[in-house]
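A short worksheet on the structure shown next.
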Amino acid sequence: MRLIVPQINTGAYAARLLKKRLKDSKKFVLGLPTGGTAVDMYSAFREEYSKGNLSFKNVVTFNMDEYFGLPASHPQSYISFMKRHLFDHVDIKPENINIPDGNAKDIEKECFAYEEKIKNAGGIDLFFGGVGENGHIAFNEPFSSLQSQTHKVFLTQCTIKANSRFFNSEEETPKTAITVGVGTIMSAREVVILATGFKKAEAVRAALEGAVSSKWVISALQLHKKAVIVADSAACANL
Ligand code: GLP
């Protein structure tokens, strides 16, 4: 896995990369994250879109994850986040937006159907992601199977605490979610993980310098042919 520490901010770097990848593509399948780091990335996407440098009209998106049991209309559901930060501002076709349904009655069926949808779309061309302080990617917490497919997860205390900043309290923060698996991410043709700030320094170290281990799920990307971490200097503090 390569490390890139861009001169510009990681979000702007991601927007430039996407612009390159979309050039001349008839259809492009894009995997997308949520979270604080992604906010800057979507702001850069919107900026490039408003300048006429990016268009999503041929893009099909698959989000990485969604809270379980949180109403879709809740401002902190990942579908609300995506509308607020990207979908409501660009020319993506509504039928090309995919995100796991955290309120599906039959979760097993929903997870299976989500994997099938990705396969039927031809697989993911580029997966953008973030990383948790504990090395999780999407919501694949430490000791997840490195071959996992879309599934329901119980979030760790570390993740619940980190995500509680978006809610009124830790009690209100969802404890479970649906996430694509590590295997789903590994199947993407390209994976780009954004990491910013000192809090991510240990995860970045484990990703680049540690052994491949489910203890630090992100380390699985060492086995991917085309995976990079795009980090700022704070996130590289432990290298
Ligand atoms: C959540 C998301 C992850 C994301 C992580 C990092 O846990 N499910 O996909 O990578 O947050 O978020 P942040 O960028 O806010 O640190």
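In the structure tokens, each chain is lettered A, B, ... as it comes, each chain's residues begin at 1, and ligands are numbered from 1 in order of appearance.
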How close does each residue of chain A get to ligand 1, giving the shortest atom pair and distance in Å to one decimal for every residue with an atom at most 9 Å away, counting only C-alpha atoms and all ligand atoms, sorted by chain and residue number, as CSV?
```
residue,atom,partner,partner_atom_place_in_ligand_line,distance
A:Leu32,CA,ligand 1,9 (O),8.5
A:Pro33,CA,ligand 1,9 (O),5.1
A:Thr34,CA,ligand 1,9 (O),5.5
A:Gly35,CA,ligand 1,15 (O),3.7
A:Gly36,CA,ligand 1,15 (O),3.4
A:Thr37,CA,ligand 1,14 (O),3.6
A:Ala38,CA,ligand 1,14 (O),5.9
A:Val39,CA,ligand 1,14 (O),8.0
A:Met64,CA,ligand 1,9 (O),6.5
A:Asp65,CA,ligand 1,8 (N),6.1
A:Glu66,CA,ligand 1,8 (N),7.4
A:Tyr67,CA,ligand 1,8 (N),8.4
A:Tyr78,CA,ligand 1,8 (N),8.7
A:Gly129,CA,ligand 1,10 (O),5.7
A:Gly130,CA,ligand 1,10 (O),3.3
A:Val131,CA,ligand 1,10 (O),3.9
A:Gly132,CA,ligand 1,6 (C),4.4
A:Glu133,CA,ligand 1,16 (O),7.0
A:Gly135,CA,ligand 1,10 (O),8.8
A:His136,CA,ligand 1,10 (O),7.0
A:Ile137,CA,ligand 1,10 (O),5.5
A:Ala138,CA,ligand 1,9 (O),3.6
A:Phe139,CA,ligand 1,8 (N),4.8
A:Asn140,CA,ligand 1,8 (N),8.4
A:Leu155,CA,ligand 1,7 (O),8.7
A:Thr159,CA,ligand 1,7 (O),6.1
A:Ile160,CA,ligand 1,7 (O),8.3
A:Ala162,CA,ligand 1,16 (O),7.5
A:Asn163,CA,ligand 1,7 (O),6.7
A:Ala177,CA,ligand 1,8 (N),8.6
A:Thr179,CA,ligand 1,8 (N),7.9
A:Ile193,CA,ligand 1,10 (O),8.3
A:Leu194,CA,ligand 1,14 (O),8.0
A:Ala195,CA,ligand 1,14 (O),7.3
A:Thr196,CA,ligand 1,14 (O),7.7
A:Gly197,CA,ligand 1,16 (O),8.7
A:Lys199,CA,ligand 1,16 (O),8.2
A:Lys200,CA,ligand 1,16 (O),7.7
```
Residues within 10 Å of Val90 (chain A), only C-alpha atoms, excluding chain neighbours under 5 positions, as a list in words: Phe45, Arg46, Tyr49, Ser50, Leu54, Ser55, Phe56, Lys57, Lys83 and His85 of chain A
Pull N, CA and C atoms from the residues just selected and write them as a PDB file, in the first residue's frame.
```pdb
ATOM      1  N   PHE A  45     -15.453  18.069  -3.886  1.00  0.00           N
ATOM      2  CA  PHE A  45     -16.231  17.545  -5.035  1.00  0.00           C
ATOM      3  C   PHE A  45     -17.224  18.619  -5.500  1.00  0.00           C
ATOM      4  N   ARG A  46     -17.900  19.250  -4.530  1.00  0.00           N
ATOM      5  CA  ARG A  46     -18.916  20.258  -4.888  1.00  0.00           C
ATOM      6  C   ARG A  46     -18.258  21.437  -5.594  1.00  0.00           C
ATOM      7  N   TYR A  49     -17.406  20.456  -9.039  1.00  0.00           N
ATOM      8  CA  TYR A  49     -18.657  20.337  -9.791  1.00  0.00           C
ATOM      9  C   TYR A  49     -19.148  21.729 -10.201  1.00  0.00           C
ATOM     10  N   SER A  50     -19.098  22.678  -9.269  1.00  0.00           N
ATOM     11  CA  SER A  50     -19.615  24.019  -9.583  1.00  0.00           C
ATOM     12  C   SER A  50     -18.744  24.734 -10.614  1.00  0.00           C
ATOM     13  N   LEU A  54     -16.274  18.479 -12.765  1.00  0.00           N
ATOM     14  CA  LEU A  54     -16.691  17.120 -12.365  1.00  0.00           C
ATOM     15  C   LEU A  54     -18.160  16.970 -12.686  1.00  0.00           C
ATOM     16  N   SER A  55     -18.535  15.815 -13.212  1.00  0.00           N
ATOM     17  CA  SER A  55     -19.967  15.536 -13.374  1.00  0.00           C
ATOM     18  C   SER A  55     -20.236  14.122 -12.876  1.00  0.00           C
ATOM     19  N   PHE A  56     -21.377  13.946 -12.254  1.00  0.00           N
ATOM     20  CA  PHE A  56     -21.734  12.633 -11.699  1.00  0.00           C
ATOM     21  C   PHE A  56     -22.815  11.959 -12.538  1.00  0.00           C
ATOM     22  N   LYS A  57     -23.039  12.482 -13.755  1.00  0.00           N
ATOM     23  CA  LYS A  57     -24.172  11.947 -14.523  1.00  0.00           C
ATOM     24  C   LYS A  57     -23.956  10.493 -14.972  1.00  0.00           C
ATOM     25  N   LYS A  83     -26.856  13.265   1.345  1.00  0.00           N
ATOM     26  CA  LYS A  83     -27.680  14.254   0.624  1.00  0.00           C
ATOM     27  C   LYS A  83     -27.150  15.648   0.907  1.00  0.00           C
ATOM     28  N   HIS A  85     -24.198  16.642   1.983  1.00  0.00           N
ATOM     29  CA  HIS A  85     -22.832  16.975   1.559  1.00  0.00           C
ATOM     30  C   HIS A  85     -22.572  16.773   0.075  1.00  0.00           C
TER      31      HIS A  85
END
```
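Shortest separation to His74 (chain A) among A:Phe28, A:Gly102, A:Lys20, A:Cys158 occurs at residue A:Gly102, atoms counted being only C-alpha atoms.
From CA of Val180 (chain A) back to CA of His151 (chain A), the distance works out to 6.4 Å.
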Which of region 130-200 of chain A fall in strand (DSSP E), as a VMD selection string: chain A and resid 151 to 154 176 to 179 191 to 195
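Within the 10 Å cut-off around region 113-119 of chain A, using only C-alpha atoms and omitting residues fewer than 6 positions from it on the same chain, the listed residues are Val29, Gly31, Val60, Thr61, Phe62, Asn98, Ile99, Pro100, Asp101, Ile107, Gln149, Thr150, His151, Thr179, Val180, Gly181, Thr184, Ser187 and Ala188 of chain A.
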Contacts of region 214-225 of chain A at 9 Å (only C-alpha atoms; same-chain gap of 4+ positions) as a ChimeraX atom specification: /A:1-2,131,134-137,140-146,182,185-187,189-191,203-204,206-210
Let's have the selection written as an mmCIF file, in the first residue's frame, with N, CA and C atoms.
```cif
data_model
loop_
_atom_site.group_PDB
_atom_site.id
_atom_site.type_symbol
_atom_site.label_atom_id
_atom_site.label_comp_id
_atom_site.auth_asym_id
_atom_site.auth_seq_id
_atom_site.Cartn_x
_atom_site.Cartn_y
_atom_site.Cartn_z
ATOM 1 N N MET A 1 0.858 -1.188 0.000
ATOM 2 C CA MET A 1 0.000 0.000 0.000
ATOM 3 C C MET A 1 0.895 1.238 0.000
ATOM 4 N N ARG A 2 0.574 2.169 -0.886
ATOM 5 C CA ARG A 2 1.409 3.381 -0.984
ATOM 6 C C ARG A 2 0.879 4.463 -0.063
ATOM 7 N N VAL A 131 -10.702 6.086 7.827
ATOM 8 C CA VAL A 131 -10.240 5.052 8.748
ATOM 9 C C VAL A 131 -10.590 5.478 10.172
ATOM 10 N N ASN A 134 -9.274 3.124 15.543
ATOM 11 C CA ASN A 134 -8.868 1.742 15.839
ATOM 12 C C ASN A 134 -8.580 0.950 14.574
ATOM 13 N N GLY A 135 -8.448 1.653 13.451
ATOM 14 C CA GLY A 135 -8.079 0.980 12.199
ATOM 15 C C GLY A 135 -9.250 0.419 11.423
ATOM 16 N N HIS A 136 -10.491 0.729 11.862
ATOM 17 C CA HIS A 136 -11.609 0.156 11.096
ATOM 18 C C HIS A 136 -11.751 0.842 9.743
ATOM 19 N N ILE A 137 -12.179 0.068 8.762
ATOM 20 C CA ILE A 137 -12.540 0.648 7.461
ATOM 21 C C ILE A 137 -14.010 0.294 7.225
ATOM 22 N N ASN A 140 -15.982 -2.024 9.664
ATOM 23 C CA ASN A 140 -15.370 -3.310 9.996
ATOM 24 C C ASN A 140 -14.408 -3.101 11.150
ATOM 25 N N GLU A 141 -14.884 -3.474 12.319
ATOM 26 C CA GLU A 141 -14.146 -3.224 13.553
ATOM 27 C C GLU A 141 -13.009 -4.231 13.728
ATOM 28 N N PRO A 142 -12.088 -3.965 14.684
ATOM 29 C CA PRO A 142 -10.985 -4.907 14.910
ATOM 30 C C PRO A 142 -11.501 -6.338 15.069
ATOM 31 N N PHE A 143 -10.747 -7.244 14.469
ATOM 32 C CA PHE A 143 -11.007 -8.695 14.479
ATOM 33 C C PHE A 143 -12.158 -9.098 13.568
ATOM 34 N N SER A 144 -12.522 -8.200 12.634
ATOM 35 C CA SER A 144 -13.488 -8.592 11.589
ATOM 36 C C SER A 144 -12.793 -9.574 10.654
ATOM 37 N N SER A 145 -13.585 -10.419 10.026
ATOM 38 C CA SER A 145 -13.005 -11.303 9.008
ATOM 39 C C SER A 145 -12.517 -10.452 7.856
ATOM 40 N N LEU A 146 -11.316 -10.748 7.382
ATOM 41 C CA LEU A 146 -10.764 -9.952 6.277
ATOM 42 C C LEU A 146 -11.378 -10.345 4.933
ATOM 43 N N VAL A 182 -14.837 -6.287 4.562
ATOM 44 C CA VAL A 182 -13.452 -6.047 4.137
ATOM 45 C C VAL A 182 -13.259 -6.663 2.744
ATOM 46 N N ILE A 185 -14.511 -4.404 0.058
ATOM 47 C CA ILE A 185 -13.584 -3.300 -0.233
ATOM 48 C C ILE A 185 -12.375 -3.834 -1.018
ATOM 49 N N MET A 186 -11.902 -5.018 -0.624
ATOM 50 C CA MET A 186 -10.746 -5.611 -1.323
ATOM 51 C C MET A 186 -11.066 -5.926 -2.789
ATOM 52 N N SER A 187 -12.357 -6.131 -3.085
ATOM 53 C CA SER A 187 -12.739 -6.451 -4.469
ATOM 54 C C SER A 187 -12.789 -5.213 -5.369
ATOM 55 N N ARG A 189 -11.554 -2.163 -7.605
ATOM 56 C CA ARG A 189 -10.355 -2.117 -8.454
ATOM 57 C C ARG A 189 -9.312 -1.138 -7.926
ATOM 58 N N GLU A 190 -9.752 -0.151 -7.166
ATOM 59 C CA GLU A 190 -8.824 0.818 -6.575
ATOM 60 C C GLU A 190 -9.410 1.268 -5.225
ATOM 61 N N VAL A 191 -8.539 1.444 -4.231
ATOM 62 C CA VAL A 191 -9.006 1.890 -2.912
ATOM 63 C C VAL A 191 -8.151 3.071 -2.466
ATOM 64 N N ALA A 203 -3.300 4.229 13.500
ATOM 65 C CA ALA A 203 -3.932 3.409 12.448
ATOM 66 C C ALA A 203 -3.108 3.473 11.157
ATOM 67 N N VAL A 204 -2.586 4.656 10.845
ATOM 68 C CA VAL A 204 -1.773 4.815 9.628
ATOM 69 C C VAL A 204 -0.476 4.017 9.772
ATOM 70 N N ALA A 206 -0.030 1.315 11.635
ATOM 71 C CA ALA A 206 -0.373 -0.120 11.525
ATOM 72 C C ALA A 206 -0.656 -0.493 10.067
ATOM 73 N N ALA A 207 -1.281 0.420 9.345
ATOM 74 C CA ALA A 207 -1.631 0.138 7.952
ATOM 75 C C ALA A 207 -0.389 -0.032 7.090
ATOM 76 N N LEU A 208 0.615 0.801 7.346
ATOM 77 C CA LEU A 208 1.778 0.823 6.453
ATOM 78 C C LEU A 208 2.950 0.008 6.968
ATOM 79 N N GLU A 209 3.076 -0.077 8.287
ATOM 80 C CA GLU A 209 4.287 -0.690 8.831
ATOM 81 C C GLU A 209 4.017 -1.943 9.658
ATOM 82 N N GLY A 210 2.751 -2.211 9.958
ATOM 83 C CA GLY A 210 2.431 -3.377 10.785
ATOM 84 C C GLY A 210 2.249 -4.630 9.940
#
```
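Interatomic distance, CA of Phe167 (chain A) against CA of Ser43 (chain A): 21.7 Å.
In this structure, CA of Asp88 (chain A) sits 25.3 Å away from CA of Asn120 (chain A).
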Contacts of Phe68 (chain A) within 9 Å, only C-alpha atoms, excl. fewer than 4 positions in-chain, as a VMD selection string: chain A and resid 101 to 104 152 to 153 174 to 178
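Minimum atom-to-atom distance to His89 (chain A), evaluated using only C-alpha atoms, belongs to A:Glu47 out of A:Asn63, A:Glu110, A:Ile124, A:Glu47.
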Those of region 84-224 of chain A in DSSP alpha helix (DSSP H), formatted as a ChimeraX atom specification: /A:84-85,107-120,157-163,182-186,201-209
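Using only C-alpha atoms, the smallest distance between any of A:Glu202, A:Lys26, A:Arg16, A:Met41 and Asn53 (chain A) comes from A:Arg16.
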